[in-house]
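This report refers to the structure that appears directly beneath it.
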Amino acid sequence: MDNPETFGPWVSVDRYFHPTEAHIAAGRLTSEGIPVNLHGINHASVNWLIVQALGGIRLQVPAEFVAEASEILASDVVLEESEEESCPDCGSTDTTAHTDSWKFSLLAVHLLNIPLPWRRDRRKCNRCAATWTER
């Protein structure tokens, strides 16, 4: 990274809650010649709960690169769209990622001092409220 003092103010263009995703986005911008700063990345190596509390890892670029960086990050193309996940109970394709897992894990750590894993492979049916593990 170039010397931060050589640029104007740094502006956050995106937030990430997982260091790997933040590094991938930063690498994409760096490969295009845009200087980046991952604000809060060191907190992620200490404890992921700190990152959650701080609102994520902020991907920052100098103010003069904001438009170009936003365009590059928005141009990410999904290589192949997977089939819609259908509910095993009712067959509906109106499903979303099940997000209660991280909330329960956060409460377990703070209230019971028990670290629980945060599952990201769960889906929830918006029609019948069933939950299941993705294939």
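Residues are referred to by chain and number: the chain letter is A, B, ... according to the order shown in the structure tokens, the number counts from 1 in that chain, and ligands are numbered separately from 1 in the order shown.
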For range 122-124 of chain A, work out the shell of residues within 7 Å, counting only C-alpha atoms and skipping chain neighbours fewer than 3 positions away, then give it as a PDB file with C-alpha atoms, in the first residue's frame.
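Okay, this is what ended up in result-v4.pdb:
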```pdb
ATOM      1  CA  THR A  95     -36.329 -19.072   0.946  1.00  0.00           C
ATOM      2  CA  THR A  96     -33.703 -16.903   2.625  1.00  0.00           C
ATOM      3  CA  ALA A  97     -30.510 -17.421   4.576  1.00  0.00           C
ATOM      4  CA  HIS A  98     -31.285 -18.307   8.192  1.00  0.00           C
ATOM      5  CA  ARG A 119     -23.495 -21.569  11.027  1.00  0.00           C
ATOM      6  CA  ALA A 129     -40.875 -21.235   8.486  1.00  0.00           C
ATOM      7  CA  ALA A 130     -38.988 -24.541   8.199  1.00  0.00           C
ATOM      8  CA  THR A 131     -35.186 -24.434   8.514  1.00  0.00           C
ATOM      9  CA  TRP A 132     -32.622 -26.834   7.043  1.00  0.00           C
ATOM     10  CA  THR A 133     -28.964 -27.215   6.129  1.00  0.00           C
ATOM     11  CA  GLU A 134     -28.103 -26.287   2.546  1.00  0.00           C
TER      12      GLU A 134
END
```
When you count only C-alpha atoms, which of these residues is closest to Ala67 in chain A: A:Ser12, A:Thr93, A:Asn126, A:Thr30?
A:Ser12
Using only C-alpha atoms, which residues sit within 9 Å of Ala69 in chain A once same-chain residues fewer than 6 positions away are excluded, as a list of chain:residue names?
A:Val13, A:Leu29, A:Glu32, A:Ile34, A:Val61
Could you write those residues out with N, CA and C atoms, as a PDB file, in the first residue's frame?
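Result went into again-v2.pdb, see below:
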```pdb
ATOM      1  N   VAL A  13     -16.032   2.306   1.346  1.00  0.00           N
ATOM      2  CA  VAL A  13     -16.888   1.966   0.209  1.00  0.00           C
ATOM      3  C   VAL A  13     -17.670   0.685   0.439  1.00  0.00           C
ATOM      4  N   LEU A  29      -9.452  -4.559  -5.846  1.00  0.00           N
ATOM      5  CA  LEU A  29      -9.184  -3.137  -6.070  1.00  0.00           C
ATOM      6  C   LEU A  29      -7.701  -2.864  -6.277  1.00  0.00           C
ATOM      7  N   GLU A  32      -6.471  -3.433  -9.662  1.00  0.00           N
ATOM      8  CA  GLU A  32      -6.869  -2.386 -10.602  1.00  0.00           C
ATOM      9  C   GLU A  32      -6.109  -1.078 -10.358  1.00  0.00           C
ATOM     10  N   ILE A  34      -5.927   0.621  -7.401  1.00  0.00           N
ATOM     11  CA  ILE A  34      -6.559   1.498  -6.408  1.00  0.00           C
ATOM     12  C   ILE A  34      -5.973   1.176  -5.039  1.00  0.00           C
ATOM     13  N   VAL A  61     -10.968   3.541   0.560  1.00  0.00           N
ATOM     14  CA  VAL A  61     -10.138   4.009  -0.559  1.00  0.00           C
ATOM     15  C   VAL A  61     -10.032   5.524  -0.450  1.00  0.00           C
TER      16      VAL A  61
END
```
For Pro19 in chain A, list every protein, DNA or RNA residue within 8 Å, evaluated using only C-alpha atoms, and leave out those in the same chain fewer than 4 positions away; present the list as a VMD selection string.
chain A and resid 23 41 44 57
Let me see the file: selected residues, C-alpha atoms, as a PDB file, in the first residue's frame.
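Saved the output as out_26.pdb:
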```
ATOM      1  CA  HIS A  23      -9.117  -9.386   1.588  1.00  0.00           C
ATOM      2  CA  ILE A  41      -8.861  -6.060  10.010  1.00  0.00           C
ATOM      3  CA  ALA A  44     -10.838  -9.610  13.274  1.00  0.00           C
ATOM      4  CA  ILE A  57     -14.222  -4.466   8.514  1.00  0.00           C
TER       5      ILE A  57
END
```
Please list as a list in words every residue within 12 Å of Glu68 in chain A, counting only C-alpha atoms and excluding residues in the same chain fewer than 2 positions away.
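Selected residues are Val13, Arg28, Leu29, Thr30, Glu32, Gly33, Ile34, Pro35, Val61, Pro62, Ala63, Glu64, Phe65, Val66, Ser70, Glu71, Ile72, Leu73, Ala74 and Ser75 of chain A.
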Could you write out the selected residues, including C-alpha atoms, as a short mmCIF file (atom, residue, chain, number, x, y, z; two decimals), in the first residue's frame?
```
data_model
loop_
_atom_site.label_atom_id
_atom_site.label_comp_id
_atom_site.auth_asym_id
_atom_site.auth_seq_id
_atom_site.Cartn_x
_atom_site.Cartn_y
_atom_site.Cartn_z
CA VAL A 13 -16.89 1.97 0.21
CA ARG A 28 -9.59 -6.89 -6.53
CA LEU A 29 -9.18 -3.14 -6.07
CA THR A 30 -5.41 -3.35 -5.64
CA GLU A 32 -6.87 -2.39 -10.60
CA GLY A 33 -4.33 0.07 -9.15
CA ILE A 34 -6.56 1.50 -6.41
CA PRO A 35 -4.93 1.92 -2.98
CA VAL A 61 -10.14 4.01 -0.56
CA PRO A 62 -8.95 7.59 -1.09
CA ALA A 63 -11.82 9.96 -1.90
CA GLU A 64 -10.68 10.42 -5.50
CA PHE A 65 -11.06 6.65 -6.17
CA VAL A 66 -14.55 6.16 -4.64
CA SER A 70 -17.66 1.27 -6.24
CA GLU A 71 -18.02 0.40 -9.91
CA ILE A 72 -15.43 -2.37 -9.67
CA LEU A 73 -17.00 -3.87 -6.55
CA ALA A 74 -20.48 -3.71 -8.09
CA SER A 75 -19.30 -5.39 -11.29
#
```
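Taking CA of Thr20 in chain A as the reference point, CA of Asp94 in chain A is found at 28.8 Å.
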Two-atom distance - CA of Ala108 in chain A, CA of Glu21 in chain A (Å)
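Computing the Euclidean distance for CA of Ala108 in chain A and CA of Glu21 in chain A yields 25.2 Å.
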Find the residues around Ser92 in chain A up to 8 Å (only C-alpha atoms counted), leave out those fewer than 6 positions away in its own chain, and share them as number ranges by chain.
A: 86, 125, 127
Give me, please, the distance in Å between CA of Val36 in chain A and CA of Val11 in chain A, quoted to one decimal.
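Pair CA of Val36 in chain A / CA of Val11 in chain A returns 9.8 Å.
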